Each structure stands twice: as C-alpha cells, then as structure tokens.
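Here the structure comes first, spelled out in structure tokens, and everything after it is commentary.
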Amino acid sequence: MKRIYVDEKWCLGCHLCEYNCAFANSGKDDMSKALKNVKINPRIQIEEKDGISFAVSCRHCEEPLCVKGCITGALSVVDGVIEIDKDKCVGCYTCIMSCPYGAIMPSDDGVVQKCELCLKNSNGKPACVEGCPNRAIIYEEKE
Amino acid sequence: MSKYVIIGNSAGAIGCVEGIRSVDKDGEITLIASEPHHTYSRPLISYLLYGKTDEQKMKYRPDSFYKDNKVKKMLGRTVISIDKKSKKVLLSDGREVPYEKLMVATGSVPFVPPMDGLDKVKKKFSFMTLDDAHKLEKAITPQSKVLIVGAGLIGLKCAEGINDKVESITVVDLADRILPSILDSDGSAVVREHIESKGVKFHLSDSVKSFEKNKATLVSGAEIDFDILVLAVGVRPCVSLIADIGGKVNRGIVTDDECRTSIEDIYAAGDCTESHDVSSNSNKVMALLPNAYMQGETAGINMAGGDAAYDNAIPMNAIGFFGLHIITAGTYEGDCYVSREGKSYKKLFYKSNRLKGYIMIGDVKRAGIYTSLIKKRTPLSSIDFDLIKEKPQLMAFSRKSRNEFLAK
Ligand SMILES: Cc1cc2nc3c(=O)[nH]c(=O)nc-3n(C[C@H](O)[C@H](O)[C@H](O)COP(=O)(O)OP(=O)(O)OC[C@H]3O[C@@H](n4cnc5c(N)ncnc54)[C@H](O)[C@@H]3O)c2cc1C
Ligand code: SF4
Ligand code: SF4
C-alpha cells in the first residue's frame, strides 16, 4: 500500500504541510478564506527543537492499535487505510491512549481526527506531500 | 458440527470472529449470547442516555457483520454448561451445540454485596447492559433523586449519563476518593471538583448502613432521601462455565498468552479472564474493552490454526466526565514526576529504568507515546527522559528510532 514517509533530514520546519492539511480538510475552496485568523488543527503536526524538525501523521499501521481498541467501531481498515467515522465516534480518546506515535488527536468538533491520506476530501491525494518544498514527506509504495 | 463456537457477543466475541476469519474464511462459526441485541458497545450506554449516540450508531459492528463473516448467531440464548469430553455446550432450552474449538467471552456481571434493607427498595438498577440503560431511562423523571452506590467508572458514567435528566444525584463510596482504582488522591480531587461543579454530590469514606424504601442511612449517620437507586459497587467475572468443569480459575478464568484456558480446545477472552500485566509482572483481571478485543482476536487466530500471542497487555483506561478527559495506564510504583497546570494534571511513575505507569487528566494529547513506552518496556536511558517528562513526543527518541517510526 502507498504510505506517507517522512525523512527528517530534508525537513525545513516550514510548517507548510500543516497549512496544506488544514486547508485540504476545511471543505473550503479558497485557502485564505479557510485559514485566515483560524487557529489551525491539522492532522499532520511538526515537532521541532534545536534545528531538528519532522512531521508526524498516521502511519496506517498494519497492526492498528487504534482500530483494535476503538470502543465504538468508529475506526476501521478500508483497503489498508485507517478511516474514522466521525458520526460514530464519541470522543472517548481510547485511540489517543493506544496510538504509539501520537498521530490521532482531538478534533475541533468534539471527536477525534486523523490523517486519511486525503482520500476522502476533495484533494484526493495527500496535500502535505504535494506541498512539501523539499520532498521531506513522500507518498509511495515500499516493498 | 460447528467448527467454532463462541459464547458471548461483545468485544471479546467479536475480536474472536475477526481473528478466526483472518485465517479461516469459511469454517463454520456459531455465536451464542444471552443478550438478544446486535453486538453493541457496552461503554456507550451512558452516552446513549445523554444523547451523544443512538442505538444504531452504538452498534459495535455494522448490521451486515454476521452475514459478512458467515456467523450463525443464536442470540437470546444462554449456555448453562460445557461438556468437555464430548465437546458440546448445553443451552438453557435443552439444545446442545457441538464444537471443535470453543471461545468463552462471557464478560462480567454486577456484584451486589448484602446490604441491610435492600429488598425494601422498589426502584433499584444496575448499569451494565443496554437493557439496564433502558430500564433506568424509563424510571427517571426530572424530579428524581438518584442515589448511586459506587464512585468507580460505572457509577460515575451513569451519573454523567442522567445528570441533566434528574433533580439530584448523590454518590456514596467506601473509598476515600472517587475512581480509586485508576486515580491517586491528587488526580482524584481534580476530577471530583469538576464533577461536583456539575451538581453531583459525594459521600466518600462512607457506606450504606441500611435502606428503607426511599431513604438510606449511612454509617456516618448521614441520611439520604432517594427514589432511584443505582448499584455500581463492582463486577464479578463470569467464570462458572469453566470453573464447573475443573478449569483453572482465580478471580478470572486463567489464560495464557495465546488466550487458552487450562482445558483443551477451550479459549477465553475479555472481562471473564485473568491475564498477564507486563507493567506489574502479575496476573490480573483487566476489564477493559481494548483488552477484550485483542484477547479475542488472538484466541481466534490460534483457534483457526494461526499463531498469535497477546503478550504485552497492561491495565489502561481512557475515560471522560463532563468534558474532562482522563487517560491512565500501567502500574503506579516507583519514583514520580508530577506536573499541574490549571485543570490539567499529569503524573509519571518510573522505576528500574522503565516507565511503569501514568495518569493524565485534562490535556491527554499523544498519551499513546507513554502507553507504548510502558508496553514495550523501553529503557529510559535510550530516550531523552527530560523531554518525555515535559510531554509525549517523538523528539525524545533517538534519530534511529524516529527513522524506524516515520520513514520505514
Ligand atoms: C457503563 C460502562 C462503561 C464502560 N466504559 C468503558 C470504557 O470507557 N472503556 C473501556 O475500555 N471499557 C469500558 N467498560 C468495560 C467494557 O464494556 C468491557 O471491558 C467489555 O465490554 C468487555 O467485553 P467482553 O466481551 O469481555 O464481555 P461483555 O461485554 O461483558 O459481554 C459478555 C457477553 O456474554 C454474554 N454471556 C454471558 N454469559 C453467557 C452465557 N452463559 N451464555 C450465553 N451468553 C452469555 C452476555 O450476554 C454478554 O453479551 C465499561 C463498562 C460499562 C458497564
Ligand atoms: S492512528 Fe496511530 S495506531 Fe492508528 S493506524 Fe495511525 S499511527 Fe497506527
Ligand atoms: S475517540 Fe472515537 S475513534 Fe477514538 S476510540 Fe473513542 S470512539 Fe473510537
């Protein structure tokens, strides 16, 4: 399956991926309207310290602890992609307790959100990857 | 003859179905459960009462689940005994169902200690099942004065579920703090203050001495008027099917890492079992949904001839009350690191170069990074412990580990 891979060697710490993620998932078609004066809550998040930076988003694990632990069945595996049904989710945060990478987070609407590879939004392919100026985030099939 | 028979229809049982089907697509599965409903998420009964979910959304798996997985279901039927010699289970209606491999995922039932005058109370309820939730919902009115005995997870979840629909809620518990099994006293005080701010009253370090029809007298002498009583003192694992045939049982049914019981071809999973907690290196009943699912799945894979082990279980809980989130995991032993900020509270427990346990209240973001350190028994010397204390972050790991996590 195609996955997102992050190489911290190339990451500039520019945070563009966070903005592109927030925009792609905003449901709006104008970036400035979508993001101006908004505190973004993207599904990919940069960690940075002392000149090191890297982006963290869902790994779409083969052993997805979030899915196995979900108390409602809101998380599921669809063709290898870990999807969330926000309608079913009750925001119990069992998945936040379970994810070893800290890659699933509270959403602004009282449930949780995670990277779904932009397959369900209008972008259709990962916006973080498309917009990364230094190819620090790539989307490809390995092995 | 059914190849696989599963007793239960909740997280453990569903995990078992999915585990079996990941190895064996066609072997006949028969699933038997006392509860008549489509599989539902037990923890959601409180969310149902306050309207955050509904009966359709609280189904643990889609409507087509049994059909998609070729499961023959026998719901609303109870297994009364297992015949391990001729390998069949006997139902209360006299029917027999033979098995090759059997899963026992019978869960737990409320435990009600003897209490003086309890039989005089007309409207008393447990809070464990969908039917319990419906009965309670029918009984309450905006004038109801509710008394809940037990300030554990189930009692407090019940309080949250009905708080907006009744006049008052009083909770009594023998322990000196709420949620005693998962919180230390400081953390418990933070959560208690929050719940009290929603109007719920507590009588702690106290217990009911006697009941009359609408009044409880506590050991301290306090008297509480009520018209609805909810008993949430504790639960008891349903072990009798295995105990009756000589299987090994302590508090729960004893299972190994492959989720086998001590009896050949019989497996068990979920709240009815006892399994190994790697954080304390001891055997425990870990009654929580993710464990039930993962034990069931492990058992299912093994029942179908695959090879799986569930060998990194720890106690862990994610729970919230009135918008305040709590995540806890592991064992509370060793040295502590504490930080507080507003309503957020965090305590880490570490010993012998390992993270042993944690409590997070309020800000619980990325807690899973801590959970994983406990489960994997990661040596703290291999990470930057100061950074990990500050917050869960991958920055605390070596560049090599990060590369494993994110680039592979
Ligand atoms: C109010 C409440 C809130 C909770 N909140 C949380 C939470 O937030 N997070 C969490 O992780 N856990 C929570 N839990 C615990 C969680 O619900 C359990 O850990 C989980 O349901 C265990 O699943 P199980 O499959 O082991 O058994 P159970 O869910 O107990 O199901 C057992 C099934 O077996 C059937 N059965 C039993 N005996 C027989 C028999 N002899 N014949 C036929 N059928 C039989 C029963 O009818 C039942 O359907 C909560 C529980 C309650 C009650
Ligand atoms: S949310 Fe976490 S556990 Fe779940 S698939 Fe993504 S990385 Fe894995
Ligand atoms: S927060 Fe939502 S997705 Fe996560 S475990 Fe709870 S119900 Fe499932």
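Labels for the structure tokens follow display order: chains A, B, ..., residues from 1 in each chain, ligands from 1.
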What lies within 7 Å of segment 102-117 of chain B using only C-alpha atoms, ignoring chain neighbours under 6 positions off, as a PDB file with N, CA, C and O atoms, in the first residue's frame?
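What ended up in selection_13.pdb:
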ATOM      1  N   TYR B   4     -16.311 -23.779  15.090  1.00  0.00           N
ATOM      2  CA  TYR B   4     -16.033 -22.846  16.174  1.00  0.00           C
ATOM      3  C   TYR B   4     -17.331 -22.452  16.867  1.00  0.00           C
ATOM      4  O   TYR B   4     -18.303 -22.099  16.192  1.00  0.00           O
ATOM      5  N   VAL B   5     -17.335 -22.499  18.200  1.00  0.00           N
ATOM      6  CA  VAL B   5     -18.483 -21.983  18.945  1.00  0.00           C
ATOM      7  C   VAL B   5     -17.980 -20.865  19.847  1.00  0.00           C
ATOM      8  O   VAL B   5     -16.935 -20.997  20.500  1.00  0.00           O
ATOM      9  N   ILE B   6     -18.710 -19.759  19.833  1.00  0.00           N
ATOM     10  CA  ILE B   6     -18.323 -18.603  20.638  1.00  0.00           C
ATOM     11  C   ILE B   6     -19.460 -18.289  21.603  1.00  0.00           C
ATOM     12  O   ILE B   6     -20.610 -18.146  21.184  1.00  0.00           O
ATOM     13  N   ILE B   7     -19.141 -18.185  22.891  1.00  0.00           N
ATOM     14  CA  ILE B   7     -20.156 -17.780  23.873  1.00  0.00           C
ATOM     15  C   ILE B   7     -19.900 -16.316  24.212  1.00  0.00           C
ATOM     16  O   ILE B   7     -18.836 -15.965  24.740  1.00  0.00           O
ATOM     17  N   GLY B   8     -20.873 -15.448  23.917  1.00  0.00           N
ATOM     18  CA  GLY B   8     -20.709 -14.008  24.114  1.00  0.00           C
ATOM     19  C   GLY B   8     -20.907 -13.294  22.789  1.00  0.00           C
ATOM     20  O   GLY B   8     -20.852 -13.922  21.713  1.00  0.00           O
ATOM     21  N   GLY B  12     -14.955  -9.218  23.219  1.00  0.00           N
ATOM     22  CA  GLY B  12     -14.150 -10.432  23.177  1.00  0.00           C
ATOM     23  C   GLY B  12     -14.621 -11.360  22.068  1.00  0.00           C
ATOM     24  O   GLY B  12     -13.821 -11.909  21.299  1.00  0.00           O
ATOM     25  N   ALA B  13     -15.922 -11.539  21.975  1.00  0.00           N
ATOM     26  CA  ALA B  13     -16.507 -12.438  20.980  1.00  0.00           C
ATOM     27  C   ALA B  13     -16.282 -11.915  19.552  1.00  0.00           C
ATOM     28  O   ALA B  13     -15.932 -12.676  18.644  1.00  0.00           O
ATOM     29  N   SER B 126     -29.002  -1.812  38.024  1.00  0.00           N
ATOM     30  CA  SER B 126     -27.578  -1.953  37.726  1.00  0.00           C
ATOM     31  C   SER B 126     -27.322  -1.108  36.486  1.00  0.00           C
ATOM     32  O   SER B 126     -28.270  -0.643  35.842  1.00  0.00           O
ATOM     33  N   LYS B 209     -25.531   1.940  55.663  1.00  0.00           N
ATOM     34  CA  LYS B 209     -25.748   1.020  56.781  1.00  0.00           C
ATOM     35  C   LYS B 209     -27.060   0.275  56.572  1.00  0.00           C
ATOM     36  O   LYS B 209     -27.134  -0.932  56.726  1.00  0.00           O
ATOM     37  N   SER B 210     -28.093   1.038  56.192  1.00  0.00           N
ATOM     38  CA  SER B 210     -29.368   0.369  55.935  1.00  0.00           C
ATOM     39  C   SER B 210     -30.236   1.187  54.991  1.00  0.00           C
ATOM     40  O   SER B 210     -30.110   2.402  54.897  1.00  0.00           O
ATOM     41  N   PHE B 211     -31.094   0.468  54.288  1.00  0.00           N
ATOM     42  CA  PHE B 211     -32.050   1.112  53.380  1.00  0.00           C
ATOM     43  C   PHE B 211     -33.442   1.016  53.941  1.00  0.00           C
ATOM     44  O   PHE B 211     -33.820   0.022  54.570  1.00  0.00           O
ATOM     45  N   GLU B 212     -34.220   2.098  53.692  1.00  0.00           N
ATOM     46  CA  GLU B 212     -35.669   1.952  53.762  1.00  0.00           C
ATOM     47  C   GLU B 212     -36.149   2.206  52.353  1.00  0.00           C
ATOM     48  O   GLU B 212     -35.335   2.437  51.474  1.00  0.00           O
ATOM     49  N   VAL B 233     -21.302  -1.123  42.654  1.00  0.00           N
ATOM     50  CA  VAL B 233     -20.252  -1.385  43.633  1.00  0.00           C
ATOM     51  C   VAL B 233     -19.058  -2.096  42.995  1.00  0.00           C
ATOM     52  O   VAL B 233     -17.911  -1.837  43.321  1.00  0.00           O
ATOM     53  N   GLY B 234     -19.361  -2.975  42.073  1.00  0.00           N
ATOM     54  CA  GLY B 234     -18.265  -3.703  41.437  1.00  0.00           C
ATOM     55  C   GLY B 234     -18.805  -4.765  40.513  1.00  0.00           C
ATOM     56  O   GLY B 234     -20.030  -4.910  40.381  1.00  0.00           O
ATOM     57  N   VAL B 235     -17.908  -5.461  39.840  1.00  0.00           N
ATOM     58  CA  VAL B 235     -18.348  -6.527  38.947  1.00  0.00           C
ATOM     59  C   VAL B 235     -17.618  -7.814  39.289  1.00  0.00           C
ATOM     60  O   VAL B 235     -16.563  -7.810  39.903  1.00  0.00           O
ATOM     61  N   ARG B 236     -18.228  -8.895  38.862  1.00  0.00           N
ATOM     62  CA  ARG B 236     -17.670 -10.214  39.109  1.00  0.00           C
ATOM     63  C   ARG B 236     -17.528 -10.929  37.757  1.00  0.00           C
ATOM     64  O   ARG B 236     -18.503 -11.036  37.003  1.00  0.00           O
ATOM     65  N   PRO B 237     -16.328 -11.417  37.436  1.00  0.00           N
ATOM     66  CA  PRO B 237     -16.157 -12.129  36.162  1.00  0.00           C
ATOM     67  C   PRO B 237     -17.044 -13.387  36.124  1.00  0.00           C
ATOM     68  O   PRO B 237     -17.188 -14.067  37.139  1.00  0.00           O
ATOM     69  N   CYS B 238     -17.642 -13.656  34.956  1.00  0.00           N
ATOM     70  CA  CYS B 238     -18.493 -14.852  34.810  1.00  0.00           C
ATOM     71  C   CYS B 238     -17.623 -16.051  34.483  1.00  0.00           C
ATOM     72  O   CYS B 238     -17.303 -16.298  33.314  1.00  0.00           O
ATOM     73  N   ASP B 265      -8.721 -27.152  23.867  1.00  0.00           N
ATOM     74  CA  ASP B 265      -9.617 -26.609  22.846  1.00  0.00           C
ATOM     75  C   ASP B 265     -10.611 -25.570  23.369  1.00  0.00           C
ATOM     76  O   ASP B 265     -11.560 -25.217  22.664  1.00  0.00           O
ATOM     77  N   ILE B 266     -10.413 -25.111  24.581  1.00  0.00           N
ATOM     78  CA  ILE B 266     -11.264 -24.019  25.082  1.00  0.00           C
ATOM     79  C   ILE B 266     -10.411 -22.785  25.341  1.00  0.00           C
ATOM     80  O   ILE B 266      -9.394 -22.847  26.027  1.00  0.00           O
ATOM     81  N   TYR B 267     -10.841 -21.683  24.772  1.00  0.00           N
ATOM     82  CA  TYR B 267     -10.149 -20.402  24.889  1.00  0.00           C
ATOM     83  C   TYR B 267     -11.051 -19.431  25.649  1.00  0.00           C
ATOM     84  O   TYR B 267     -12.264 -19.652  25.747  1.00  0.00           O
ATOM     85  N   ALA B 268     -10.475 -18.354  26.156  1.00  0.00           N
ATOM     86  CA  ALA B 268     -11.312 -17.353  26.822  1.00  0.00           C
ATOM     87  C   ALA B 268     -10.730 -15.974  26.592  1.00  0.00           C
ATOM     88  O   ALA B 268      -9.520 -15.814  26.375  1.00  0.00           O
ATOM     89  N   ALA B 269     -11.589 -14.958  26.625  1.00  0.00           N
ATOM     90  CA  ALA B 269     -11.138 -13.587  26.376  1.00  0.00           C
ATOM     91  C   ALA B 269     -12.039 -12.600  27.094  1.00  0.00           C
ATOM     92  O   ALA B 269     -13.212 -12.875  27.356  1.00  0.00           O
ATOM     93  N   GLY B 270     -11.474 -11.448  27.430  1.00  0.00           N
ATOM     94  CA  GLY B 270     -12.274 -10.341  27.940  1.00  0.00           C
ATOM     95  C   GLY B 270     -12.417 -10.317  29.445  1.00  0.00           C
ATOM     96  O   GLY B 270     -11.608 -10.872  30.194  1.00  0.00           O
ATOM     97  N   ASP B 271     -13.494  -9.677  29.887  1.00  0.00           N
ATOM     98  CA  ASP B 271     -13.702  -9.393  31.308  1.00  0.00           C
ATOM     99  C   ASP B 271     -13.828 -10.634  32.187  1.00  0.00           C
ATOM    100  O   ASP B 271     -13.734 -10.541  33.405  1.00  0.00           O
ATOM    101  N   CYS B 272     -14.069 -11.799  31.579  1.00  0.00           N
ATOM    102  CA  CYS B 272     -14.192 -13.015  32.395  1.00  0.00           C
ATOM    103  C   CYS B 272     -12.828 -13.615  32.705  1.00  0.00           C
ATOM    104  O   CYS B 272     -12.729 -14.587  33.438  1.00  0.00           O
TER     105      CYS B 272
END
At most 8 Å to chain B: residues in chain A, only C-alpha atoms, as a PyMOL selection string: chain A and resi 5-7+47-49+56+59+68-73+87-88+90+92-106
Test item, helix (DSSP H, G or I) assignment across chain A, answer as number ranges by chain: A: 8-10, 16-24, 31-35, 65-69, 94-98, 127-131
All strand (DSSP E) residues (DSSP, backbone) inside segment 103-328 of chain B, as a PyMOL selection string: chain B and resi 103-104+108-110+124-125+145-149+168-172+201-203+208-211+215-218+223-225+228-231+235-237+253-254+266-268+273-277+282-284+316-321+324-328
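Between ligand 1 and the residues B:Lys157, B:Lys70, B:Arg251, B:Lys145, the shortest atom-to-atom distance, using only C-alpha atoms and all ligand atoms, involves B:Lys157.
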Segment 379-388 of chain B surroundings by only C-alpha atoms, 7 Å radius, close-in-sequence under 4 positions cut, as a VMD selection string: chain B and resid 353 to 354 392 to 393 396 to 398
Selection: 12 Å around segment 25-39 of chain A, only C-alpha atoms, excl. self and same-chain fewer than 5 positions, as a ChimeraX atom specification: /A:18-20,44,107-108,113-128
Who sits within 10 Å of segment 184-189 of chain B, only C-alpha atoms, same chain under 2 positions skipped, as number ranges by chain: B: 176-182, 191-195, 326, 332, 340, 343-347, 359-361
Restricting the output to N, CA, C and O atoms, write the selected residues as a PDB file, in the first residue's frame.
ATOM      1  N   ASP B 176     -11.839   6.558  49.970  1.00  0.00           N
ATOM      2  CA  ASP B 176     -11.698   7.955  50.373  1.00  0.00           C
ATOM      3  C   ASP B 176     -11.643   8.898  49.183  1.00  0.00           C
ATOM      4  O   ASP B 176     -11.496  10.097  49.333  1.00  0.00           O
ATOM      5  N   ARG B 177     -11.714   8.341  47.965  1.00  0.00           N
ATOM      6  CA  ARG B 177     -11.660   9.180  46.765  1.00  0.00           C
ATOM      7  C   ARG B 177     -12.451   8.537  45.650  1.00  0.00           C
ATOM      8  O   ARG B 177     -12.722   7.334  45.692  1.00  0.00           O
ATOM      9  N   ILE B 178     -12.808   9.338  44.644  1.00  0.00           N
ATOM     10  CA  ILE B 178     -13.528   8.775  43.508  1.00  0.00           C
ATOM     11  C   ILE B 178     -12.530   8.083  42.574  1.00  0.00           C
ATOM     12  O   ILE B 178     -11.339   8.368  42.603  1.00  0.00           O
ATOM     13  N   LEU B 179     -13.020   7.180  41.743  1.00  0.00           N
ATOM     14  CA  LEU B 179     -12.208   6.413  40.791  1.00  0.00           C
ATOM     15  C   LEU B 179     -10.955   5.838  41.442  1.00  0.00           C
ATOM     16  O   LEU B 179      -9.843   5.972  40.921  1.00  0.00           O
ATOM     17  N   PRO B 180     -11.122   5.201  42.616  1.00  0.00           N
ATOM     18  CA  PRO B 180      -9.946   4.773  43.371  1.00  0.00           C
ATOM     19  C   PRO B 180      -9.060   3.772  42.624  1.00  0.00           C
ATOM     20  O   PRO B 180      -7.864   3.716  42.881  1.00  0.00           O
ATOM     21  N   SER B 181      -9.631   3.016  41.692  1.00  0.00           N
ATOM     22  CA  SER B 181      -8.793   2.009  41.037  1.00  0.00           C
ATOM     23  C   SER B 181      -7.886   2.614  39.965  1.00  0.00           C
ATOM     24  O   SER B 181      -6.928   1.976  39.545  1.00  0.00           O
ATOM     25  N   ILE B 182      -8.175   3.827  39.515  1.00  0.00           N
ATOM     26  CA  ILE B 182      -7.307   4.380  38.463  1.00  0.00           C
ATOM     27  C   ILE B 182      -6.645   5.711  38.839  1.00  0.00           C
ATOM     28  O   ILE B 182      -5.728   6.145  38.146  1.00  0.00           O
ATOM     29  N   VAL B 191     -10.675  15.606  39.469  1.00  0.00           N
ATOM     30  CA  VAL B 191     -11.852  15.114  38.755  1.00  0.00           C
ATOM     31  C   VAL B 191     -13.113  15.312  39.613  1.00  0.00           C
ATOM     32  O   VAL B 191     -14.173  15.698  39.117  1.00  0.00           O
ATOM     33  N   ARG B 192     -12.952  15.086  40.895  1.00  0.00           N
ATOM     34  CA  ARG B 192     -14.094  15.235  41.792  1.00  0.00           C
ATOM     35  C   ARG B 192     -14.629  16.668  41.778  1.00  0.00           C
ATOM     36  O   ARG B 192     -15.830  16.897  41.675  1.00  0.00           O
ATOM     37  N   GLU B 193     -13.704  17.618  41.847  1.00  0.00           N
ATOM     38  CA  GLU B 193     -14.118  19.022  41.833  1.00  0.00           C
ATOM     39  C   GLU B 193     -14.911  19.336  40.564  1.00  0.00           C
ATOM     40  O   GLU B 193     -15.932  20.012  40.597  1.00  0.00           O
ATOM     41  N   HIS B 194     -14.413  18.797  39.448  1.00  0.00           N
ATOM     42  CA  HIS B 194     -15.078  19.026  38.169  1.00  0.00           C
ATOM     43  C   HIS B 194     -16.491  18.421  38.170  1.00  0.00           C
ATOM     44  O   HIS B 194     -17.454  19.059  37.748  1.00  0.00           O
ATOM     45  N   ILE B 195     -16.612  17.206  38.661  1.00  0.00           N
ATOM     46  CA  ILE B 195     -17.925  16.546  38.649  1.00  0.00           C
ATOM     47  C   ILE B 195     -18.869  17.236  39.644  1.00  0.00           C
ATOM     48  O   ILE B 195     -20.057  17.427  39.364  1.00  0.00           O
ATOM     49  N   ILE B 326      -9.585  11.808  30.974  1.00  0.00           N
ATOM     50  CA  ILE B 326      -8.620  11.131  31.826  1.00  0.00           C
ATOM     51  C   ILE B 326      -8.041   9.970  31.022  1.00  0.00           C
ATOM     52  O   ILE B 326      -8.801   9.220  30.406  1.00  0.00           O
ATOM     53  N   TYR B 332       1.209   1.895  39.265  1.00  0.00           N
ATOM     54  CA  TYR B 332       1.676   3.089  39.959  1.00  0.00           C
ATOM     55  C   TYR B 332       2.713   2.713  41.003  1.00  0.00           C
ATOM     56  O   TYR B 332       2.404   2.574  42.186  1.00  0.00           O
ATOM     57  N   ARG B 340       1.276  20.085  37.081  1.00  0.00           N
ATOM     58  CA  ARG B 340      -0.109  20.543  37.076  1.00  0.00           C
ATOM     59  C   ARG B 340      -0.166  21.880  36.393  1.00  0.00           C
ATOM     60  O   ARG B 340       0.721  22.688  36.516  1.00  0.00           O
ATOM     61  N   LYS B 343      -6.591  22.894  34.985  1.00  0.00           N
ATOM     62  CA  LYS B 343      -7.294  21.647  35.259  1.00  0.00           C
ATOM     63  C   LYS B 343      -6.510  20.430  34.798  1.00  0.00           C
ATOM     64  O   LYS B 343      -6.974  19.302  34.909  1.00  0.00           O
ATOM     65  N   SER B 344      -5.323  20.658  34.227  1.00  0.00           N
ATOM     66  CA  SER B 344      -4.543  19.514  33.765  1.00  0.00           C
ATOM     67  C   SER B 344      -3.603  19.017  34.852  1.00  0.00           C
ATOM     68  O   SER B 344      -3.020  19.799  35.594  1.00  0.00           O
ATOM     69  N   TYR B 345      -3.509  17.702  34.917  1.00  0.00           N
ATOM     70  CA  TYR B 345      -2.703  17.055  35.940  1.00  0.00           C
ATOM     71  C   TYR B 345      -2.006  15.884  35.288  1.00  0.00           C
ATOM     72  O   TYR B 345      -2.620  15.159  34.508  1.00  0.00           O
ATOM     73  N   LYS B 346      -0.725  15.731  35.580  1.00  0.00           N
ATOM     74  CA  LYS B 346      -0.009  14.601  34.997  1.00  0.00           C
ATOM     75  C   LYS B 346       0.940  14.007  36.023  1.00  0.00           C
ATOM     76  O   LYS B 346       1.601  14.726  36.758  1.00  0.00           O
ATOM     77  N   LYS B 347       0.965  12.701  36.087  1.00  0.00           N
ATOM     78  CA  LYS B 347       1.891  12.030  36.991  1.00  0.00           C
ATOM     79  C   LYS B 347       2.487  10.832  36.263  1.00  0.00           C
ATOM     80  O   LYS B 347       1.760  10.014  35.694  1.00  0.00           O
ATOM     81  N   ILE B 359      -0.710   8.891  34.809  1.00  0.00           N
ATOM     82  CA  ILE B 359      -2.058   9.446  34.946  1.00  0.00           C
ATOM     83  C   ILE B 359      -2.048  10.766  34.203  1.00  0.00           C
ATOM     84  O   ILE B 359      -1.159  11.593  34.437  1.00  0.00           O
ATOM     85  N   MET B 360      -2.976  10.968  33.288  1.00  0.00           N
ATOM     86  CA  MET B 360      -3.100  12.278  32.634  1.00  0.00           C
ATOM     87  C   MET B 360      -4.551  12.716  32.745  1.00  0.00           C
ATOM     88  O   MET B 360      -5.461  11.965  32.426  1.00  0.00           O
ATOM     89  N   ILE B 361      -4.738  13.938  33.182  1.00  0.00           N
ATOM     90  CA  ILE B 361      -6.088  14.490  33.294  1.00  0.00           C
ATOM     91  C   ILE B 361      -6.093  15.827  32.568  1.00  0.00           C
ATOM     92  O   ILE B 361      -5.160  16.614  32.715  1.00  0.00           O
TER      93      ILE B 361
END
